[in-house]
$ cat structure-v1.pdb   # PDB, C-alpha atoms, pLDDT in the B column
MODEL        1
ATOM      1  CA  MET R   1     -24.449 -13.520 -79.476  1.00 49.00           C
ATOM      2  CA  SER R   2     -23.900 -10.951 -76.732  1.00 61.00           C
ATOM      3  CA  THR R   3     -20.490  -9.359 -76.204  1.00 69.00           C
ATOM      4  CA  ARG R   4     -18.499 -11.006 -73.448  1.00 80.00           C
ATOM      5  CA  LYS R   5     -15.201  -9.812 -72.007  1.00 84.00           C
ATOM      6  CA  LEU R   6     -12.304 -11.824 -70.698  1.00 88.00           C
ATOM      7  CA  LYS R   7      -9.295 -10.509 -68.763  1.00 89.00           C
ATOM      8  CA  GLU R   8      -5.847 -11.518 -69.989  1.00 89.00           C
ATOM      9  CA  SER R   9      -5.018 -12.465 -66.393  1.00 89.00           C
ATOM     10  CA  ASP R  10      -7.823 -15.067 -66.369  1.00 90.00           C
ATOM     11  CA  VAL R  11      -6.368 -17.215 -69.162  1.00 92.00           C
ATOM     12  CA  ASP R  12      -3.141 -18.711 -70.433  1.00 90.00           C
ATOM     13  CA  TYR R  13      -2.532 -17.791 -74.059  1.00 92.00           C
ATOM     14  CA  ILE R  14      -1.333 -20.959 -75.778  1.00 91.00           C
ATOM     15  CA  SER R  15       0.055 -20.594 -79.288  1.00 91.00           C
ATOM     16  CA  VAL R  16      -0.503 -23.322 -81.836  1.00 91.00           C
ATOM     17  CA  ALA R  17       1.048 -23.937 -85.235  1.00 87.00           C
ATOM     18  CA  GLY R  18      -0.145 -21.690 -88.051  1.00 84.00           C
ATOM     19  CA  ASN R  19      -0.390 -24.520 -90.553  1.00 87.00           C
ATOM     20  CA  GLY R  20      -3.992 -24.075 -91.716  1.00 88.00           C
ATOM     21  CA  ALA R  21      -5.224 -26.402 -88.985  1.00 93.00           C
ATOM     22  CA  CYS R  22      -4.986 -23.853 -86.166  1.00 95.00           C
ATOM     23  CA  LEU R  23      -8.694 -24.073 -85.263  1.00 97.00           C
ATOM     24  CA  PHE R  24      -8.519 -27.838 -84.842  1.00 97.00           C
ATOM     25  CA  ASN R  25      -5.049 -27.663 -83.225  1.00 95.00           C
ATOM     26  CA  SER R  26      -6.351 -25.209 -80.606  1.00 96.00           C
ATOM     27  CA  VAL R  27      -9.356 -27.366 -79.727  1.00 97.00           C
ATOM     28  CA  ALA R  28      -7.195 -30.524 -79.601  1.00 95.00           C
ATOM     29  CA  GLN R  29      -4.762 -28.757 -77.256  1.00 92.00           C
ATOM     30  CA  ASN R  30      -7.669 -27.656 -75.031  1.00 93.00           C
ATOM     31  CA  ILE R  31      -8.975 -31.210 -74.736  1.00 93.00           C
ATOM     32  CA  HIS R  32      -5.473 -32.498 -73.975  1.00 90.00           C
ATOM     33  CA  LEU R  33      -4.938 -29.927 -71.206  1.00 88.00           C
ATOM     34  CA  GLU R  34      -8.290 -30.732 -69.633  1.00 87.00           C
ATOM     35  CA  ASN R  35      -7.398 -34.409 -69.524  1.00 86.00           C
ATOM     36  CA  ASN R  36      -3.761 -34.011 -68.459  1.00 82.00           C
ATOM     37  CA  THR R  37      -3.569 -31.199 -65.905  1.00 76.00           C
ATOM     38  CA  LYS R  38      -2.615 -32.010 -62.329  1.00 75.00           C
ATOM     39  CA  SER R  39      -2.826 -29.704 -59.332  1.00 73.00           C
ATOM     40  CA  VAL R  40      -0.157 -29.757 -56.647  1.00 75.00           C
ATOM     41  CA  ASP R  41      -0.281 -27.216 -53.821  1.00 76.00           C
ATOM     42  CA  ARG R  42      -2.713 -25.080 -55.819  1.00 71.00           C
ATOM     43  CA  GLN R  43      -0.359 -25.008 -58.816  1.00 73.00           C
ATOM     44  CA  ARG R  44      -1.421 -26.541 -62.125  1.00 71.00           C
ATOM     45  CA  TYR R  45       0.992 -28.655 -64.122  1.00 75.00           C
ATOM     46  CA  SER R  46       0.666 -30.048 -67.608  1.00 77.00           C
ATOM     47  CA  TYR R  47       2.469 -30.081 -70.932  1.00 69.00           C
ATOM     48  CA  LYS R  48       1.705 -29.086 -74.496  1.00 72.00           C
ATOM     49  CA  LEU R  49       1.328 -31.850 -77.026  1.00 74.00           C
ATOM     50  CA  ASN R  50       4.089 -32.244 -79.594  1.00 80.00           C
ATOM     51  CA  MET R  51       3.225 -31.673 -83.275  1.00 82.00           C
ATOM     52  CA  LYS R  52       2.798 -35.376 -84.033  1.00 88.00           C
ATOM     53  CA  GLU R  53       0.262 -35.758 -81.211  1.00 87.00           C
ATOM     54  CA  ILE R  54      -1.479 -32.489 -82.109  1.00 88.00           C
ATOM     55  CA  ASP R  55      -1.721 -33.577 -85.762  1.00 91.00           C
ATOM     56  CA  LYS R  56      -3.345 -36.880 -84.840  1.00 93.00           C
ATOM     57  CA  ALA R  57      -5.921 -35.297 -82.511  1.00 93.00           C
ATOM     58  CA  SER R  58      -6.514 -32.374 -84.871  1.00 95.00           C
ATOM     59  CA  ILE R  59      -7.087 -34.600 -87.902  1.00 95.00           C
ATOM     60  CA  ASP R  60      -9.565 -36.698 -85.915  1.00 97.00           C
ATOM     61  CA  LEU R  61     -11.503 -33.564 -84.866  1.00 97.00           C
ATOM     62  CA  ARG R  62     -11.427 -32.269 -88.448  1.00 97.00           C
ATOM     63  CA  GLN R  63     -12.786 -35.515 -89.922  1.00 98.00           C
ATOM     64  CA  ARG R  64     -15.529 -35.766 -87.305  1.00 98.00           C
ATOM     65  CA  SER R  65     -16.478 -32.127 -87.972  1.00 98.00           C
ATOM     66  CA  VAL R  66     -16.650 -32.597 -91.743  1.00 98.00           C
ATOM     67  CA  ASP R  67     -18.774 -35.713 -91.221  1.00 98.00           C
ATOM     68  CA  TRP R  68     -21.116 -33.622 -89.056  1.00 98.00           C
ATOM     69  CA  ILE R  69     -21.260 -30.848 -91.688  1.00 98.00           C
ATOM     70  CA  LYS R  70     -22.086 -33.356 -94.422  1.00 98.00           C
ATOM     71  CA  SER R  71     -24.968 -34.726 -92.334  1.00 98.00           C
ATOM     72  CA  HIS R  72     -26.324 -31.305 -91.274  1.00 98.00           C
ATOM     73  CA  LEU R  73     -26.250 -29.113 -94.383  1.00 98.00           C
ATOM     74  CA  ASN R  74     -29.702 -27.680 -93.663  1.00 97.00           C
ATOM     75  CA  ILE R  75     -29.064 -26.404 -90.121  1.00 93.00           C
ATOM     76  CA  PRO R  76     -28.884 -22.586 -89.760  1.00 92.00           C
ATOM     77  CA  ILE R  77     -25.726 -21.197 -88.173  1.00 87.00           C
ATOM     78  CA  PRO R  78     -25.028 -17.831 -86.560  1.00 79.00           C
ATOM     79  CA  PRO R  79     -24.364 -15.040 -87.113  1.00 78.00           C
ATOM     80  CA  THR R  80     -26.046 -15.043 -90.551  1.00 84.00           C
ATOM     81  CA  GLU R  81     -28.626 -17.785 -89.862  1.00 88.00           C
ATOM     82  CA  MET R  82     -27.969 -19.125 -93.343  1.00 94.00           C
ATOM     83  CA  THR R  83     -27.951 -22.897 -93.513  1.00 96.00           C
ATOM     84  CA  VAL R  84     -24.574 -24.633 -93.599  1.00 97.00           C
ATOM     85  CA  LYS R  85     -25.143 -25.374 -97.293  1.00 97.00           C
ATOM     86  CA  GLN R  86     -26.061 -21.745 -98.072  1.00 97.00           C
ATOM     87  CA  ASP R  87     -23.010 -20.494 -96.153  1.00 95.00           C
ATOM     88  CA  ILE R  88     -20.721 -22.830 -98.100  1.00 96.00           C
ATOM     89  CA  GLN R  89     -22.291 -21.755-101.406  1.00 97.00           C
ATOM     90  CA  ASP R  90     -21.941 -18.093-100.407  1.00 95.00           C
ATOM     91  CA  SER R  91     -18.228 -18.607 -99.667  1.00 94.00           C
ATOM     92  CA  ILE R  92     -17.772 -20.300-103.051  1.00 95.00           C
ATOM     93  CA  GLU R  93     -19.552 -17.454-104.864  1.00 95.00           C
ATOM     94  CA  ASP R  94     -17.718 -14.627-103.090  1.00 94.00           C
ATOM     95  CA  GLY R  95     -14.341 -16.122-103.996  1.00 90.00           C
ATOM     96  CA  SER R  96     -13.098 -16.537-100.433  1.00 88.00           C
ATOM     97  CA  LEU R  97     -12.212 -20.193-101.090  1.00 92.00           C
ATOM     98  CA  PRO R  98      -9.629 -21.643-103.475  1.00 92.00           C
ATOM     99  CA  SER R  99     -10.812 -21.705-107.085  1.00 93.00           C
ATOM    100  CA  SER R 100     -10.796 -25.522-107.022  1.00 94.00           C
ATOM    101  CA  VAL R 101     -13.745 -25.431-104.578  1.00 96.00           C
ATOM    102  CA  LYS R 102     -16.795 -25.204-106.841  1.00 96.00           C
ATOM    103  CA  SER R 103     -19.481 -27.178-105.004  1.00 97.00           C
ATOM    104  CA  VAL R 104     -20.565 -28.275-101.547  1.00 97.00           C
ATOM    105  CA  ASN R 105     -18.984 -31.698-102.143  1.00 97.00           C
ATOM    106  CA  SER R 106     -15.658 -30.171-103.215  1.00 97.00           C
ATOM    107  CA  TYR R 107     -15.829 -27.941-100.107  1.00 98.00           C
ATOM    108  CA  LEU R 108     -16.193 -31.030 -97.927  1.00 98.00           C
ATOM    109  CA  ASP R 109     -13.227 -32.667 -99.691  1.00 97.00           C
ATOM    110  CA  TYR R 110     -11.208 -29.457 -99.272  1.00 97.00           C
ATOM    111  CA  MET R 111     -12.034 -29.247 -95.545  1.00 97.00           C
ATOM    112  CA  ARG R 112     -10.814 -32.819 -94.971  1.00 97.00           C
ATOM    113  CA  LYS R 113      -7.293 -31.667 -95.899  1.00 95.00           C
ATOM    114  CA  LYS R 114      -4.992 -30.929 -92.982  1.00 91.00           C
ATOM    115  CA  SER R 115      -4.042 -27.436 -94.170  1.00 90.00           C
ATOM    116  CA  SER R 116      -7.543 -26.094 -94.910  1.00 94.00           C
ATOM    117  CA  TYR R 117      -8.432 -23.155 -92.682  1.00 92.00           C
ATOM    118  CA  GLY R 118     -11.582 -23.651 -90.602  1.00 94.00           C
ATOM    119  CA  GLY R 119     -14.101 -20.892 -89.932  1.00 92.00           C
ATOM    120  CA  GLN R 120     -17.573 -20.391 -88.479  1.00 93.00           C
ATOM    121  CA  ILE R 121     -19.017 -23.486 -90.168  1.00 95.00           C
ATOM    122  CA  GLU R 122     -16.313 -25.674 -88.628  1.00 97.00           C
ATOM    123  CA  ILE R 123     -16.690 -23.972 -85.223  1.00 96.00           C
ATOM    124  CA  CYS R 124     -20.391 -24.853 -85.329  1.00 96.00           C
ATOM    125  CA  ALA R 125     -19.554 -28.438 -86.286  1.00 97.00           C
ATOM    126  CA  LEU R 126     -16.929 -28.780 -83.532  1.00 98.00           C
ATOM    127  CA  ALA R 127     -19.385 -27.447 -80.945  1.00 97.00           C
ATOM    128  CA  HIS R 128     -21.918 -30.068 -81.990  1.00 97.00           C
ATOM    129  CA  VAL R 129     -19.376 -32.905 -82.221  1.00 98.00           C
ATOM    130  CA  LEU R 130     -18.028 -32.101 -78.738  1.00 97.00           C
ATOM    131  CA  ASN R 131     -21.364 -30.917 -77.299  1.00 96.00           C
ATOM    132  CA  ARG R 132     -19.634 -27.811 -75.949  1.00 96.00           C
ATOM    133  CA  ASN R 133     -19.848 -24.073 -76.359  1.00 96.00           C
ATOM    134  CA  ILE R 134     -16.981 -22.530 -78.306  1.00 97.00           C
ATOM    135  CA  ASN R 135     -16.283 -18.837 -77.728  1.00 95.00           C
ATOM    136  CA  VAL R 136     -13.966 -16.891 -80.003  1.00 95.00           C
ATOM    137  CA  TYR R 137     -12.305 -13.732 -78.696  1.00 94.00           C
ATOM    138  CA  LYS R 138     -10.282 -10.939 -80.250  1.00 92.00           C
ATOM    139  CA  SER R 139      -7.804  -8.590 -78.591  1.00 89.00           C
ATOM    140  CA  ASN R 140      -9.125  -5.457 -76.961  1.00 85.00           C
ATOM    141  CA  GLY R 141      -6.308  -3.649 -75.152  1.00 83.00           C
ATOM    142  CA  ASP R 142      -5.267  -5.763 -72.168  1.00 82.00           C
ATOM    143  CA  ASN R 143      -8.412  -7.842 -72.434  1.00 88.00           C
ATOM    144  CA  TYR R 144     -10.313  -9.979 -74.902  1.00 91.00           C
ATOM    145  CA  THR R 145     -13.822  -9.464 -76.181  1.00 88.00           C
ATOM    146  CA  THR R 146     -16.039 -11.813 -78.169  1.00 88.00           C
ATOM    147  CA  SER R 147     -15.490 -11.593 -81.897  1.00 83.00           C
ATOM    148  CA  GLY R 148     -18.883 -12.505 -83.344  1.00 84.00           C
ATOM    149  CA  LEU R 149     -17.614 -15.992 -84.142  1.00 89.00           C
ATOM    150  CA  GLY R 150     -18.347 -19.006 -81.974  1.00 91.00           C
ATOM    151  CA  TYR R 151     -21.250 -21.290 -81.291  1.00 93.00           C
ATOM    152  CA  THR R 152     -23.320 -21.885 -78.162  1.00 92.00           C
ATOM    153  CA  ILE R 153     -24.776 -25.338 -77.595  1.00 92.00           C
ATOM    154  CA  ASN R 154     -25.925 -24.746 -74.028  1.00 90.00           C
ATOM    155  CA  PRO R 155     -26.308 -21.114 -72.899  1.00 89.00           C
ATOM    156  CA  ASN R 156     -27.091 -22.276 -69.351  1.00 90.00           C
ATOM    157  CA  ASN R 157     -23.781 -24.117 -68.908  1.00 87.00           C
ATOM    158  CA  ARG R 158     -20.668 -22.018 -69.444  1.00 85.00           C
ATOM    159  CA  ASP R 159     -18.430 -24.078 -67.129  1.00 86.00           C
ATOM    160  CA  ASN R 160     -16.745 -26.088 -69.876  1.00 91.00           C
ATOM    161  CA  ASP R 161     -16.643 -23.572 -72.727  1.00 95.00           C
ATOM    162  CA  ILE R 162     -13.694 -23.790 -75.099  1.00 96.00           C
ATOM    163  CA  LEU R 163     -12.099 -20.348 -75.422  1.00 96.00           C
ATOM    164  CA  LEU R 164     -10.235 -19.435 -78.589  1.00 97.00           C
ATOM    165  CA  PHE R 165      -8.395 -16.320 -79.701  1.00 95.00           C
ATOM    166  CA  HIS R 166      -8.655 -15.036 -83.286  1.00 94.00           C
ATOM    167  CA  ASN R 167      -6.201 -12.463 -84.586  1.00 88.00           C
ATOM    168  CA  MET R 168      -8.801 -10.505 -86.593  1.00 78.00           C
ATOM    169  CA  ASN R 169      -7.705  -7.202 -85.029  1.00 63.00           C
ATOM    170  CA  GLU R 170      -4.073  -7.878 -85.925  1.00 69.00           C
ATOM    171  CA  VAL R 171      -4.167  -9.163 -89.514  1.00 59.00           C
ATOM    172  CA  ASP R 172      -2.474  -6.916 -92.036  1.00 57.00           C
ATOM    173  CA  ALA R 173      -2.839  -7.048 -95.798  1.00 46.00           C
ATOM    174  CA  GLU R 174      -0.346  -9.908 -96.100  1.00 52.00           C
ATOM    175  CA  GLY R 175      -1.074 -11.741 -92.848  1.00 55.00           C
ATOM    176  CA  GLY R 176      -3.306 -14.729 -92.442  1.00 75.00           C
ATOM    177  CA  HIS R 177      -6.110 -15.371 -90.025  1.00 84.00           C
ATOM    178  CA  HIS R 178      -5.145 -17.535 -87.071  1.00 91.00           C
ATOM    179  CA  TYR R 179      -6.646 -19.158 -83.965  1.00 94.00           C
ATOM    180  CA  ASP R 180      -4.869 -19.834 -80.679  1.00 95.00           C
ATOM    181  CA  LEU R 181      -6.106 -21.288 -77.405  1.00 95.00           C
ATOM    182  CA  LEU R 182      -7.134 -19.239 -74.359  1.00 96.00           C
ATOM    183  CA  TYR R 183      -7.004 -21.732 -71.506  1.00 93.00           C
ATOM    184  CA  PRO R 184      -8.769 -20.655 -68.275  1.00 91.00           C
ATOM    185  CA  ILE R 185      -6.684 -20.234 -65.160  1.00 85.00           C
ATOM    186  CA  SER R 186      -8.631 -21.857 -62.344  1.00 70.00           C
TER     187      SER R 186
ENDMDL
END

$ encode --input "structure-v1.pdb" --output "structure tokens"
Amino acid sequence: MSTRKLKESDVDYISVAGNGACLFNSVAQNIHLENNTKSVDRQRYSYKLNMKEIDKASIDLRQRSVDWIKSHLNIPIPPTEMTVKQDIQDSIEDGSLPSSVKSVNSYLDYMRKKSSYGGQIEICALAHVLNRNINVYKSNGDNYTTSGLGYTINPNNRDNDILLFHNMNEVDAEGGHHYDLLYPIS
């Protein structure tokens, strides 16, 4: 994945709840805004979903993503090019998952839970489920730059990419990783 830059002035930064479902919440919010934005005199108007609506859409995206993962365990994913199954097993072995996650099947059960943090595997799954590129950015001064996460379905069509922010440059020893939405200003 090549490094891409994004100016802060080209996007609206939209915060989502940090409840473990931030990846799915951000994508659900993006889809909502795309479907519910109106332009009047060159001004865009919309509204953020409330938590109940976000939860419903987020849970649906999560379940569809886990279903996709379960059906595509042998597909390689960037940046490591390990298969989904190998990546899950690697995460189990390196201890980056809760100790209750001891197998691919228990990983899938864990990921179905609302508060389970999604990562590169789930980004890949969401991209496939939605048939859209997902780009993940990190802060870089007054701009954003790609983070190494994300998944490209169609490199020749960048018009409907979903843009996410990840706080990897801002996480301290006690802080958690978090995604928010970067919504393009047209």

$ atom_distance --input "structure-v1.pdb" --atom1 "CA of Lys138 in chain R" --atom2 "CA of Lys52 in chain R"
28.0 Å

$ resolve_selection --input "structure-v1.pdb" --expression "the PyMOL selection byres ((chain R and resi 103-116) around 12)" --output "VMD selection string"
chain R and resid 17 to 25 54 to 71 73 84 to 93 96 to 102 117 to 119 121 to 122 125 177 to 178

$ write_last_selection --input "structure-v1.pdb" --atoms "C-alpha atoms" --output "mmCIF file, keeping the file's coordinate frame"
data_model
loop_
_atom_site.group_PDB
_atom_site.id
_atom_site.type_symbol
_atom_site.label_atom_id
_atom_site.label_comp_id
_atom_site.auth_asym_id
_atom_site.auth_seq_id
_atom_site.Cartn_x
_atom_site.Cartn_y
_atom_site.Cartn_z
ATOM 1 C CA ALA R 17 1.048 -23.937 -85.235
ATOM 2 C CA GLY R 18 -0.145 -21.690 -88.051
ATOM 3 C CA ASN R 19 -0.390 -24.520 -90.553
ATOM 4 C CA GLY R 20 -3.992 -24.075 -91.716
ATOM 5 C CA ALA R 21 -5.224 -26.402 -88.985
ATOM 6 C CA CYS R 22 -4.986 -23.853 -86.166
ATOM 7 C CA LEU R 23 -8.694 -24.073 -85.263
ATOM 8 C CA PHE R 24 -8.519 -27.838 -84.842
ATOM 9 C CA ASN R 25 -5.049 -27.663 -83.225
ATOM 10 C CA ILE R 54 -1.479 -32.489 -82.109
ATOM 11 C CA ASP R 55 -1.721 -33.577 -85.762
ATOM 12 C CA LYS R 56 -3.345 -36.880 -84.840
ATOM 13 C CA ALA R 57 -5.921 -35.297 -82.511
ATOM 14 C CA SER R 58 -6.514 -32.374 -84.871
ATOM 15 C CA ILE R 59 -7.087 -34.600 -87.902
ATOM 16 C CA ASP R 60 -9.565 -36.698 -85.915
ATOM 17 C CA LEU R 61 -11.503 -33.564 -84.866
ATOM 18 C CA ARG R 62 -11.427 -32.269 -88.448
ATOM 19 C CA GLN R 63 -12.786 -35.515 -89.922
ATOM 20 C CA ARG R 64 -15.529 -35.766 -87.305
ATOM 21 C CA SER R 65 -16.478 -32.127 -87.972
ATOM 22 C CA VAL R 66 -16.650 -32.597 -91.743
ATOM 23 C CA ASP R 67 -18.774 -35.713 -91.221
ATOM 24 C CA TRP R 68 -21.116 -33.622 -89.056
ATOM 25 C CA ILE R 69 -21.260 -30.848 -91.688
ATOM 26 C CA LYS R 70 -22.086 -33.356 -94.422
ATOM 27 C CA SER R 71 -24.968 -34.726 -92.334
ATOM 28 C CA LEU R 73 -26.250 -29.113 -94.383
ATOM 29 C CA VAL R 84 -24.574 -24.633 -93.599
ATOM 30 C CA LYS R 85 -25.143 -25.374 -97.293
ATOM 31 C CA GLN R 86 -26.061 -21.745 -98.072
ATOM 32 C CA ASP R 87 -23.010 -20.494 -96.153
ATOM 33 C CA ILE R 88 -20.721 -22.830 -98.100
ATOM 34 C CA GLN R 89 -22.291 -21.755 -101.406
ATOM 35 C CA ASP R 90 -21.941 -18.093 -100.407
ATOM 36 C CA SER R 91 -18.228 -18.607 -99.667
ATOM 37 C CA ILE R 92 -17.772 -20.300 -103.051
ATOM 38 C CA GLU R 93 -19.552 -17.454 -104.864
ATOM 39 C CA SER R 96 -13.098 -16.537 -100.433
ATOM 40 C CA LEU R 97 -12.212 -20.193 -101.090
ATOM 41 C CA PRO R 98 -9.629 -21.643 -103.475
ATOM 42 C CA SER R 99 -10.812 -21.705 -107.085
ATOM 43 C CA SER R 100 -10.796 -25.522 -107.022
ATOM 44 C CA VAL R 101 -13.745 -25.431 -104.578
ATOM 45 C CA LYS R 102 -16.795 -25.204 -106.841
ATOM 46 C CA TYR R 117 -8.432 -23.155 -92.682
ATOM 47 C CA GLY R 118 -11.582 -23.651 -90.602
ATOM 48 C CA GLY R 119 -14.101 -20.892 -89.932
ATOM 49 C CA ILE R 121 -19.017 -23.486 -90.168
ATOM 50 C CA GLU R 122 -16.313 -25.674 -88.628
ATOM 51 C CA ALA R 125 -19.554 -28.438 -86.286
ATOM 52 C CA HIS R 177 -6.110 -15.371 -90.025
ATOM 53 C CA HIS R 178 -5.145 -17.535 -87.071
#

$ resolve_selection --input "structure-v1.pdb" --expression "the PyMOL selection byres ((chain R and resi 146) around 12)" --output "PDB file with C-alpha atoms, in the coordinates of the input"
ATOM      1  CA  MET R   1     -24.449 -13.520 -79.476  1.00 49.00           C
ATOM      2  CA  SER R   2     -23.900 -10.951 -76.732  1.00 61.00           C
ATOM      3  CA  THR R   3     -20.490  -9.359 -76.204  1.00 69.00           C
ATOM      4  CA  ARG R   4     -18.499 -11.006 -73.448  1.00 80.00           C
ATOM      5  CA  LYS R   5     -15.201  -9.812 -72.007  1.00 84.00           C
ATOM      6  CA  LEU R   6     -12.304 -11.824 -70.698  1.00 88.00           C
ATOM      7  CA  LYS R   7      -9.295 -10.509 -68.763  1.00 89.00           C
ATOM      8  CA  ILE R 134     -16.981 -22.530 -78.306  1.00 97.00           C
ATOM      9  CA  ASN R 135     -16.283 -18.837 -77.728  1.00 95.00           C
ATOM     10  CA  VAL R 136     -13.966 -16.891 -80.003  1.00 95.00           C
ATOM     11  CA  TYR R 137     -12.305 -13.732 -78.696  1.00 94.00           C
ATOM     12  CA  LYS R 138     -10.282 -10.939 -80.250  1.00 92.00           C
ATOM     13  CA  SER R 139      -7.804  -8.590 -78.591  1.00 89.00           C
ATOM     14  CA  ASN R 140      -9.125  -5.457 -76.961  1.00 85.00           C
ATOM     15  CA  ASN R 143      -8.412  -7.842 -72.434  1.00 88.00           C
ATOM     16  CA  TYR R 144     -10.313  -9.979 -74.902  1.00 91.00           C
ATOM     17  CA  THR R 145     -13.822  -9.464 -76.181  1.00 88.00           C
ATOM     18  CA  SER R 147     -15.490 -11.593 -81.897  1.00 83.00           C
ATOM     19  CA  GLY R 148     -18.883 -12.505 -83.344  1.00 84.00           C
ATOM     20  CA  LEU R 149     -17.614 -15.992 -84.142  1.00 89.00           C
ATOM     21  CA  GLY R 150     -18.347 -19.006 -81.974  1.00 91.00           C
ATOM     22  CA  TYR R 151     -21.250 -21.290 -81.291  1.00 93.00           C
ATOM     23  CA  LEU R 163     -12.099 -20.348 -75.422  1.00 96.00           C
ATOM     24  CA  LEU R 164     -10.235 -19.435 -78.589  1.00 97.00           C
ATOM     25  CA  PHE R 165      -8.395 -16.320 -79.701  1.00 95.00           C
ATOM     26  CA  HIS R 166      -8.655 -15.036 -83.286  1.00 94.00           C
ATOM     27  CA  ASN R 167      -6.201 -12.463 -84.586  1.00 88.00           C
ATOM     28  CA  MET R 168      -8.801 -10.505 -86.593  1.00 78.00           C
ATOM     29  CA  ASN R 169      -7.705  -7.202 -85.029  1.00 63.00           C
TER      30      ASN R 169
END

$ resolve_selection --input "structure-v1.pdb" --expression "the PyMOL selection byres ((chain R and resi 180-186) around 6)" --output "VMD selection string"
chain R and resid 10 to 16 26 163 to 165 179

$ atom_distance --input "structure-v1.pdb" --atom1 "CA of Val40 in chain R" --atom2 "CA of Ser9 in chain R"
20.4 Å

$ decode --input "structure-v1.pdb" --residues "range 19-30 of chain R" --atoms "C-alpha atoms" --output "mmCIF file, in the first residue's frame"
data_model
loop_
_atom_site.group_PDB
_atom_site.id
_atom_site.type_symbol
_atom_site.label_atom_id
_atom_site.label_comp_id
_atom_site.auth_asym_id
_atom_site.auth_seq_id
_atom_site.Cartn_x
_atom_site.Cartn_y
_atom_site.Cartn_z
ATOM 1 C CA ASN R 19 -16.879 1.084 23.161
ATOM 2 C CA GLY R 20 -14.835 -1.594 21.380
ATOM 3 C CA ALA R 21 -17.019 -1.294 18.293
ATOM 4 C CA CYS R 22 -15.421 1.910 16.996
ATOM 5 C CA LEU R 23 -14.367 0.377 13.657
ATOM 6 C CA PHE R 24 -17.900 -0.776 12.904
ATOM 7 C CA ASN R 25 -19.435 2.408 14.386
ATOM 8 C CA SER R 26 -17.280 4.562 12.085
ATOM 9 C CA VAL R 27 -18.232 2.609 8.965
ATOM 10 C CA ALA R 28 -21.930 2.613 9.954
ATOM 11 C CA GLN R 29 -21.787 6.391 10.447
ATOM 12 C CA ASN R 30 -20.139 6.800 7.023
#
